[in-house]
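For reference, entry.cif is printed below; it contains mmCIF, C-alpha atoms and all ligand atoms.
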data_start
#
loop_
_atom_site.label_atom_id
_atom_site.label_comp_id
_atom_site.auth_asym_id
_atom_site.auth_seq_id
_atom_site.Cartn_x
_atom_site.Cartn_y
_atom_site.Cartn_z
CA MET O 1 -20.12 13.42 26.60
CA VAL O 2 -20.49 9.80 27.66
CA VAL O 3 -18.74 8.70 24.50
CA PHE O 4 -15.81 10.91 25.36
CA GLU O 5 -15.42 9.41 28.83
CA ILE O 6 -15.58 5.88 27.50
CA VAL O 7 -13.01 6.46 24.78
CA LEU O 8 -10.49 8.65 26.54
CA LYS O 9 -10.70 7.82 30.23
CA LYS O 10 -8.44 10.81 30.80
CA PRO O 11 -9.09 14.20 32.35
CA MET O 12 -8.86 16.84 29.69
CA ASP O 13 -6.65 19.11 31.76
CA GLU O 14 -3.74 16.81 30.84
CA ILE O 15 -4.20 17.56 27.17
CA GLU O 16 -1.82 20.10 25.68
CA VAL O 17 -1.74 19.19 22.00
CA VAL O 18 -4.58 18.55 19.58
CA SER O 19 -3.45 16.74 16.45
CA PHE O 20 -5.41 16.52 13.20
CA ASP O 21 -5.14 14.24 10.24
CA ALA O 22 -5.43 16.29 7.00
CA GLU O 23 -7.31 14.49 4.21
CA GLY O 24 -10.84 13.44 5.14
CA THR O 25 -10.51 15.27 8.44
CA LEU O 26 -9.73 18.93 7.72
CA VAL O 27 -9.80 18.81 3.92
CA THR O 28 -12.27 17.05 1.63
CA PRO O 29 -10.98 14.37 -0.80
CA ASP O 30 -11.67 16.61 -3.86
CA PHE O 31 -8.07 17.75 -4.35
CA SER O 32 -6.57 14.27 -3.99
CA TYR O 33 -9.25 12.68 -6.14
CA GLY O 34 -8.47 15.28 -8.80
CA ILE O 35 -4.77 14.43 -8.74
CA TRP O 36 -5.09 10.61 -8.65
CA TYR O 37 -8.17 10.01 -10.78
CA GLU O 38 -8.26 13.00 -13.14
CA ALA O 39 -4.81 14.53 -13.64
CA ILE O 40 -2.69 11.37 -13.65
CA PRO O 41 -5.03 9.40 -15.98
CA GLU O 42 -5.29 12.46 -18.24
CA LEU O 43 -1.50 12.74 -18.58
CA TYR O 44 -1.17 8.99 -18.98
CA ALA O 45 -3.87 8.93 -21.69
CA ARG O 46 -2.06 11.67 -23.58
CA ARG O 47 1.30 9.95 -23.28
CA GLU O 48 -0.06 6.56 -24.41
CA GLY O 49 -2.49 7.97 -26.99
CA ILE O 50 -5.47 6.16 -25.41
CA GLU O 51 -8.94 7.18 -24.19
CA PHE O 52 -9.17 8.83 -20.76
CA GLU O 53 -11.51 6.14 -19.37
CA ARG O 54 -9.12 3.37 -20.38
CA ALA O 55 -6.21 5.29 -18.86
CA ARG O 56 -8.15 5.69 -15.62
CA GLU O 57 -8.76 1.93 -15.48
CA ILE O 58 -5.08 1.21 -15.99
CA VAL O 59 -3.78 3.67 -13.40
CA SER O 60 -6.44 2.57 -10.88
CA GLU O 61 -5.32 -1.03 -11.33
CA GLU O 62 -1.73 0.05 -10.73
CA TYR O 63 -2.76 1.88 -7.54
CA GLN O 64 -4.60 -1.22 -6.31
CA LYS O 65 -1.57 -3.43 -6.95
CA VAL O 66 0.35 -1.28 -4.47
CA GLY O 67 -2.47 -0.72 -1.97
CA SER O 68 -2.83 1.67 0.94
CA GLN O 69 -0.59 -0.31 3.29
CA ARG O 70 2.51 0.67 1.35
CA LEU O 71 4.30 4.03 1.34
CA GLU O 72 4.22 4.32 -2.45
CA TRP O 73 0.42 4.60 -2.40
CA TYR O 74 0.73 8.10 -0.92
CA ASP O 75 3.83 9.18 -2.82
CA ILE O 76 3.00 11.45 -5.73
CA GLY O 77 6.66 11.47 -6.85
CA TYR O 78 6.59 7.68 -7.07
CA TRP O 79 3.49 7.66 -9.30
CA PHE O 80 4.69 10.39 -11.63
CA SER O 81 7.90 8.50 -12.15
CA HIS O 82 6.12 5.12 -12.34
CA PHE O 83 3.97 6.38 -15.24
CA ASP O 84 6.81 8.51 -16.65
CA LEU O 85 4.80 11.74 -16.46
CA GLY O 86 7.55 14.26 -15.67
CA ALA O 87 7.32 16.53 -12.61
CA PRO O 88 4.07 16.86 -10.66
CA ASP O 89 4.43 20.58 -9.81
CA SER O 90 2.20 22.08 -12.52
CA VAL O 91 -0.55 19.52 -11.82
CA ILE O 92 -0.46 20.27 -8.10
CA GLU O 93 -0.72 23.98 -8.89
CA ARG O 94 -3.63 23.43 -11.30
CA PHE O 95 -5.62 21.36 -8.80
CA LYS O 96 -5.17 23.78 -5.89
CA ARG O 97 -8.58 25.21 -6.77
CA LYS O 98 -10.15 21.93 -5.70
CA VAL O 99 -9.03 22.22 -2.08
CA ARG O 100 -12.08 22.47 0.22
CA TYR O 101 -12.30 22.45 3.99
CA TYR O 102 -15.17 20.85 5.81
CA PRO O 103 -17.63 23.52 6.95
CA GLU O 104 -16.83 23.45 10.67
CA VAL O 105 -13.04 23.53 10.28
CA HIS O 106 -12.38 27.26 10.61
CA ASP O 107 -14.68 27.64 13.61
CA VAL O 108 -13.18 24.64 15.42
CA LEU O 109 -9.59 25.71 14.82
CA LEU O 110 -10.38 29.24 15.92
CA SER O 111 -11.97 27.98 19.16
CA LEU O 112 -9.17 25.60 20.06
CA ASN O 113 -6.34 27.89 19.05
CA GLY O 114 -4.72 29.38 22.16
CA ARG O 115 -6.16 26.71 24.46
CA TYR O 116 -4.10 23.92 22.92
CA LYS O 117 -1.13 23.62 20.65
CA LEU O 118 -2.59 22.52 17.31
CA ILE O 119 -0.63 20.28 14.95
CA VAL O 120 -1.19 18.25 11.79
CA ALA O 121 -0.09 14.60 11.72
CA SER O 122 -0.69 13.38 8.18
CA GLY O 123 0.30 10.55 5.87
CA THR O 124 0.26 12.94 2.91
CA PRO O 125 3.69 13.93 1.55
CA MET O 126 5.03 17.46 1.93
CA GLU O 127 4.71 18.03 -1.84
CA LEU O 128 0.95 18.20 -1.26
CA LEU O 129 0.41 19.27 2.36
CA PRO O 130 1.08 23.02 1.93
CA CYS O 131 -1.57 23.09 -0.83
CA LEU O 132 -4.04 21.15 1.26
CA LEU O 133 -3.58 23.40 4.28
CA HIS O 134 -3.41 26.68 2.39
CA GLY O 135 -5.41 29.26 4.34
CA ILE O 136 -5.43 27.37 7.65
CA GLU O 137 -1.72 26.58 8.07
CA SER O 138 -1.24 29.50 10.46
CA TYR O 139 -3.30 27.67 13.11
CA PHE O 140 -0.73 24.89 13.34
CA ALA O 141 2.42 25.03 15.42
CA ASN O 142 3.81 21.98 13.59
CA ILE O 143 2.97 20.00 10.48
CA PHE O 144 4.20 16.39 10.45
CA SER O 145 4.17 14.20 7.36
CA SER O 146 4.86 10.57 8.24
CA ILE O 147 6.13 9.81 4.75
CA SER O 148 8.23 12.95 4.16
CA HIS O 149 9.64 13.43 7.64
CA TYR O 150 10.04 9.84 8.82
CA GLY O 151 9.68 7.64 5.71
CA GLN O 152 6.86 5.61 7.21
CA LEU O 153 3.12 5.25 7.39
CA LYS O 154 1.20 6.50 10.43
CA GLU O 155 2.31 3.62 12.57
CA PRO O 156 2.49 3.81 16.39
CA ASP O 157 6.19 4.62 16.03
CA PHE O 158 5.33 7.72 13.99
CA TYR O 159 3.20 9.05 16.86
CA PHE O 160 6.04 8.37 19.31
CA LYS O 161 8.37 10.39 17.10
CA VAL O 162 5.88 13.26 16.89
CA CYS O 163 5.58 13.32 20.70
CA ARG O 164 9.35 13.16 21.10
CA SER O 165 9.76 16.03 18.68
CA LEU O 166 7.22 18.10 20.66
CA GLU O 167 8.82 17.00 23.97
CA ILE O 168 5.46 15.85 25.25
CA GLN O 169 3.99 12.61 26.59
CA PRO O 170 1.50 10.74 24.36
CA ASN O 171 -1.22 11.03 27.00
CA GLN O 172 -1.04 14.82 26.67
CA VAL O 173 -2.08 14.56 23.02
CA VAL O 174 -5.49 14.16 21.39
CA HIS O 175 -5.45 13.02 17.77
CA ILE O 176 -8.40 12.83 15.42
CA GLY O 177 -8.60 11.37 11.93
CA ASP O 178 -10.80 9.41 9.56
CA ASN O 179 -8.69 6.28 9.14
CA TRP O 180 -9.59 3.61 11.69
CA GLN O 181 -6.18 1.97 11.60
CA PHE O 182 -3.78 4.86 11.00
CA ASP O 183 -5.53 7.55 13.01
CA PHE O 184 -7.33 5.64 15.72
CA LEU O 185 -5.81 2.23 16.46
CA ASN O 186 -2.18 3.20 15.81
CA ALA O 187 -2.41 6.49 17.72
CA ARG O 188 -4.05 4.71 20.65
CA GLN O 189 -1.37 2.07 20.57
CA ALA O 190 1.15 4.88 21.03
CA GLY O 191 -0.76 6.02 24.13
CA ILE O 192 -2.41 9.00 22.45
CA CYS O 193 -6.04 9.88 23.19
CA ALA O 194 -7.36 9.16 19.73
CA PHE O 195 -10.75 9.79 18.16
CA HIS O 196 -12.04 8.21 15.00
CA LEU O 197 -13.88 10.56 12.67
CA ASP O 198 -16.60 8.98 10.58
CA ARG O 199 -18.36 11.83 8.81
CA LYS O 200 -20.84 9.66 6.91
CA ARG O 201 -21.32 7.08 9.62
CA GLU O 202 -20.07 4.44 7.21
CA ALA O 203 -17.74 2.47 9.45
CA GLY O 204 -20.38 1.77 12.07
CA TYR O 205 -18.12 2.09 15.09
CA GLN O 206 -20.13 3.14 18.07
CA HIS O 207 -17.75 5.77 19.43
CA SER O 208 -16.74 7.53 16.23
CA LEU O 209 -17.38 11.27 16.00
CA THR O 210 -19.15 12.63 12.93
CA ASP O 211 -17.55 16.08 12.76
CA LEU O 212 -14.86 18.17 14.40
CA ALA O 213 -17.38 20.28 16.30
CA GLN O 214 -18.04 17.23 18.49
CA LEU O 215 -14.36 17.11 19.37
CA LYS O 216 -14.42 20.81 20.20
CA VAL O 217 -17.45 20.45 22.48
CA ASN O 218 -15.86 17.58 24.37
CA LEU O 219 -12.47 19.19 24.74
CA ILE O 220 -13.84 22.51 25.91
CA SER O 221 -16.47 21.00 28.25
CA TYR O 222 -14.00 18.77 29.97
CA GLY O 223 -10.94 20.95 29.72
CA GLY O 224 -12.59 24.10 31.00
MG MG U 1 -7.40 10.95 6.43
#
Could you render the structure from this file as structure tokens?
Ligand SMILES: [Mg+2]
Amino acid sequence: MVVFEIVLKKPMDEIEVVSFDAEGTLVTPDFSYGIWYEAIPELYARREGIEFERAREIVSEEYQKVGSQRLEWYDIGYWFSHFDLGAPDSVIERFKRKVRYYPEVHDVLLSLNGRYKLIVASGTPMELLPCLLHGIESYFANIFSSISHYGQLKEPDFYFKVCRSLEIQPNQVVHIGDNWQFDFLNARQAGICAFHLDRKREAGYQHSLTDLAQLKVNLISYGG
């Protein structure tokens, strides 16, 4: 409770929208890992006639050359064309089975639904988001992909655009996500009440939450 007051400094009755990042927040990394580090290396190995492990090294090096600060990092279309692998559709379909939600997700969404408008604000492209959110998409009034809808990373400007689209002020929005820069710092810079999610307590930031149930408790306690 104290953490909440320190981080937000806002009464919860102002909050109308609760925004979630997707990967690492609602959905485990299993699906994405499968696409980037299993499917793509597998196809690349086949195309080049090399061992899978060698292919994985090569594609990982290519990913690192681009890095997570550039749009291409998140763009499955870019990588399929970069490695000349054809269309990604069948791979996406095949890896759907790897989509997993964190255990508290259904309960939290169920509790908050009706009290707040729930949205997704993700850096994942729309080619992948419907798969990732399959089974929980009905909870969300809107799904925003920074890359597909606005051609940008989750910069402060992205959050402004989301608020403008919802016709709401940033201080009426809570956002939670697992990326310190894209979900916490940038959302806060836009004036949003942001929470950092650190499920494994790896980042070591004092005010990070460790699961979505903590967000639910705080919102409901303070919002009534
Ligand atoms: Mg994330």
Show me which residues sit within 7 Å of ligand MG 1 (chain U) when counting only C-alpha atoms and all ligand atoms, and put them as a count of residues only. 8
Looking at only C-alpha atoms, which of O:Met126, O:Leu132, O:Leu185, O:Leu85 is the one that sits closest to Arg100 of chain O? O:Leu132
Have a look at atom CA of Arg115 of chain O and atom CA of Glu155 of chain O and let me know their distance in Å, one decimal.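 We find that atom CA of Arg115 of chain O and atom CA of Glu155 of chain O lie 27.3 Å from each other.
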Which residues are near His106 of chain O? Cut-off 12 Å, all atoms listed in the file, ignore same chain within fewer than 3 positions. Put them as a PyMOL selection string. chain O and resi 26-27+100-103+109-113+133+135-139+212-213+216
Can you work out which one of O:Gln206, O:Ser122, O:Gln69, O:Ser148 has the shortest atom-to-atom distance to Ala187 of chain O, counting all atoms listed in the file?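 Smallest separation from Ala187 of chain O among the options: O:Ser122.
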Which protein, DNA or RNA residues are at most 7 Å from (-4.4, 13.1, 25.4) in the file's coordinates when you count only C-alpha atoms, listed as a short mmCIF file (atom, residue, chain, number, x, y, z; two decimals) with C-alpha atoms, in the coordinates of the input?
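That gives us part_18.cif:
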data_model
loop_
_atom_site.label_atom_id
_atom_site.label_comp_id
_atom_site.auth_asym_id
_atom_site.auth_seq_id
_atom_site.Cartn_x
_atom_site.Cartn_y
_atom_site.Cartn_z
CA GLU O 14 -3.74 16.81 30.84
CA ILE O 15 -4.20 17.56 27.17
CA PRO O 170 1.50 10.74 24.36
CA ASN O 171 -1.22 11.03 27.00
CA GLN O 172 -1.04 14.82 26.67
CA VAL O 173 -2.08 14.56 23.02
CA VAL O 174 -5.49 14.16 21.39
CA ILE O 192 -2.41 9.00 22.45
CA CYS O 193 -6.04 9.88 23.19
#
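For the atom pair formed by atom CA of Gly86 of chain O and atom CA of Ile35 of chain O, the distance is 14.1 Å, given to one decimal.
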I'd like the interatomic distance between atom CA of Val18 of chain O and atom CA of Leu153 of chain O, to a tenth of an Å.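 According to the coordinates, atom CA of Val18 of chain O and atom CA of Leu153 of chain O are separated by 19.6 Å.
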Using only C-alpha atoms, which of the listed residues (O:Arg46, O:His175, O:His82, O:His134) sits closest to Tyr63 of chain O?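 Smallest distance to Tyr63 of chain O is found for O:His82.
The residue that comes closest to Tyr116 of chain O, out of O:Pro156, O:Ala141, O:Leu129, O:Phe182 and on the basis of all atoms listed in the file, is O:Ala141.
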Which residues are close to Arg56 of chain O, i.e. within 8 Å by only C-alpha atoms, leaving aside same-chain residues fewer than 6 positions away? Reply as a PyMOL selection string. chain O and resi 37-38+41-42
Near Ile147 of chain O, counting only C-alpha atoms, which residues have an atom at most 9 Å away, once you skip same-chain residues fewer than 2 positions from it, shown as a list of chain:residue names?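 With the cut-off at 9 Å, the set is O:Leu71, O:Tyr74, O:Asp75, O:Ser122, O:Gly123, O:Thr124, O:Pro125, O:Met126, O:Phe144, O:Ser145, O:His149, O:Tyr150, O:Gly151, O:Gln152, O:Leu153, O:Lys154.
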Which residue out of O:Gln189, O:Leu197, O:Phe31, O:Asp89 has the minimum interatomic distance to Phe158 of chain O when all atoms listed in the file are used?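 Closest residue, counting all atoms listed in the file: O:Gln189.
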Would you please take segment 128-210 of chain O of the structure in the block above and write C-alpha atoms to a file as a CSV table (one decimal), in the first residue's frame?
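Final output, saved to part.csv:
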chain,number,residue,atom,x,y,z
O,128,LEU,CA,1.4,-11.8,-33.2
O,129,LEU,CA,-0.9,-10.0,-30.7
O,130,PRO,CA,-4.2,-11.8,-31.5
O,131,CYS,CA,-2.3,-15.1,-30.9
O,132,LEU,CA,-0.8,-13.9,-27.7
O,133,LEU,CA,-4.2,-12.7,-26.3
O,134,HIS,CA,-6.3,-15.6,-27.6
O,135,GLY,CA,-8.7,-16.5,-24.8
O,136,ILE,CA,-8.5,-13.2,-22.9
O,137,GLU,CA,-9.0,-10.6,-25.7
O,138,SER,CA,-12.6,-10.2,-24.8
O,139,TYR,CA,-11.6,-8.4,-21.5
O,140,PHE,CA,-10.0,-5.6,-23.5
O,141,ALA,CA,-11.8,-2.6,-24.9
O,142,ASN,CA,-8.8,-1.7,-27.1
O,143,ILE,CA,-5.6,-3.3,-28.2
O,144,PHE,CA,-2.8,-0.9,-29.2
O,145,SER,CA,0.4,-2.0,-30.9
O,146,SER,CA,2.9,0.7,-31.0
O,147,ILE,CA,4.7,-0.7,-34.0
O,148,SER,CA,1.6,-1.7,-36.1
O,149,HIS,CA,-0.6,1.3,-35.3
O,150,TYR,CA,1.9,4.1,-34.9
O,151,GLY,CA,5.2,2.8,-36.4
O,152,GLN,CA,7.1,3.5,-33.2
O,153,LEU,CA,8.4,1.9,-30.0
O,154,LYS,CA,6.6,2.5,-26.7
O,155,GLU,CA,7.9,6.0,-26.4
O,156,PRO,CA,6.1,8.7,-24.4
O,157,ASP,CA,4.5,9.9,-27.6
O,158,PHE,CA,2.9,6.5,-28.1
O,159,TYR,CA,1.2,6.8,-24.7
O,160,PHE,CA,-0.1,10.3,-25.6
O,161,LYS,CA,-1.5,8.9,-28.8
O,162,VAL,CA,-3.2,6.1,-26.9
O,163,CYS,CA,-4.8,8.6,-24.5
O,164,ARG,CA,-5.9,10.8,-27.3
O,165,SER,CA,-7.5,7.9,-29.1
O,166,LEU,CA,-9.4,7.0,-25.9
O,167,GLU,CA,-10.2,10.7,-25.3
O,168,ILE,CA,-8.8,10.5,-21.8
O,169,GLN,CA,-6.1,12.3,-19.8
O,170,PRO,CA,-2.9,10.5,-19.0
O,171,ASN,CA,-3.5,10.8,-15.3
O,172,GLN,CA,-6.7,8.8,-15.6
O,173,VAL,CA,-4.6,5.8,-16.9
O,174,VAL,CA,-2.6,3.2,-15.0
O,175,HIS,CA,-0.2,1.2,-17.1
O,176,ILE,CA,1.8,-1.8,-16.0
O,177,GLY,CA,4.5,-3.7,-17.8
O,178,ASP,CA,7.8,-5.5,-17.4
O,179,ASN,CA,10.1,-3.2,-19.3
O,180,TRP,CA,11.6,-0.5,-17.1
O,181,GLN,CA,12.1,2.0,-20.0
O,182,PHE,CA,9.2,1.3,-22.3
O,183,ASP,CA,6.5,0.5,-19.7
O,184,PHE,CA,7.6,2.5,-16.7
O,185,LEU,CA,9.8,5.5,-17.5
O,186,ASN,CA,8.2,6.3,-20.9
O,187,ALA,CA,4.6,5.9,-19.6
O,188,ARG,CA,5.4,8.1,-16.6
O,189,GLN,CA,7.0,10.7,-18.8
O,190,ALA,CA,3.7,10.8,-20.6
O,191,GLY,CA,1.9,11.5,-17.3
O,192,ILE,CA,0.5,8.0,-16.9
O,193,CYS,CA,0.5,6.3,-13.5
O,194,ALA,CA,2.9,3.6,-14.4
O,195,PHE,CA,4.0,0.5,-12.5
O,196,HIS,CA,7.0,-1.6,-13.2
O,197,LEU,CA,6.4,-5.4,-13.1
O,198,ASP,CA,9.4,-7.4,-12.0
O,199,ARG,CA,8.2,-11.0,-11.6
O,200,LYS,CA,11.6,-12.5,-10.6
O,201,ARG,CA,12.8,-9.5,-8.7
O,202,GLU,CA,15.7,-9.3,-11.1
O,203,ALA,CA,15.9,-5.5,-11.7
O,204,GLY,CA,16.1,-4.6,-8.1
O,205,TYR,CA,14.0,-1.5,-8.2
O,206,GLN,CA,12.4,-0.9,-4.8
O,207,HIS,CA,8.9,-0.1,-6.0
O,208,SER,CA,8.4,-2.8,-8.7
O,209,LEU,CA,5.5,-5.1,-8.3
O,210,THR,CA,6.0,-8.8,-8.6
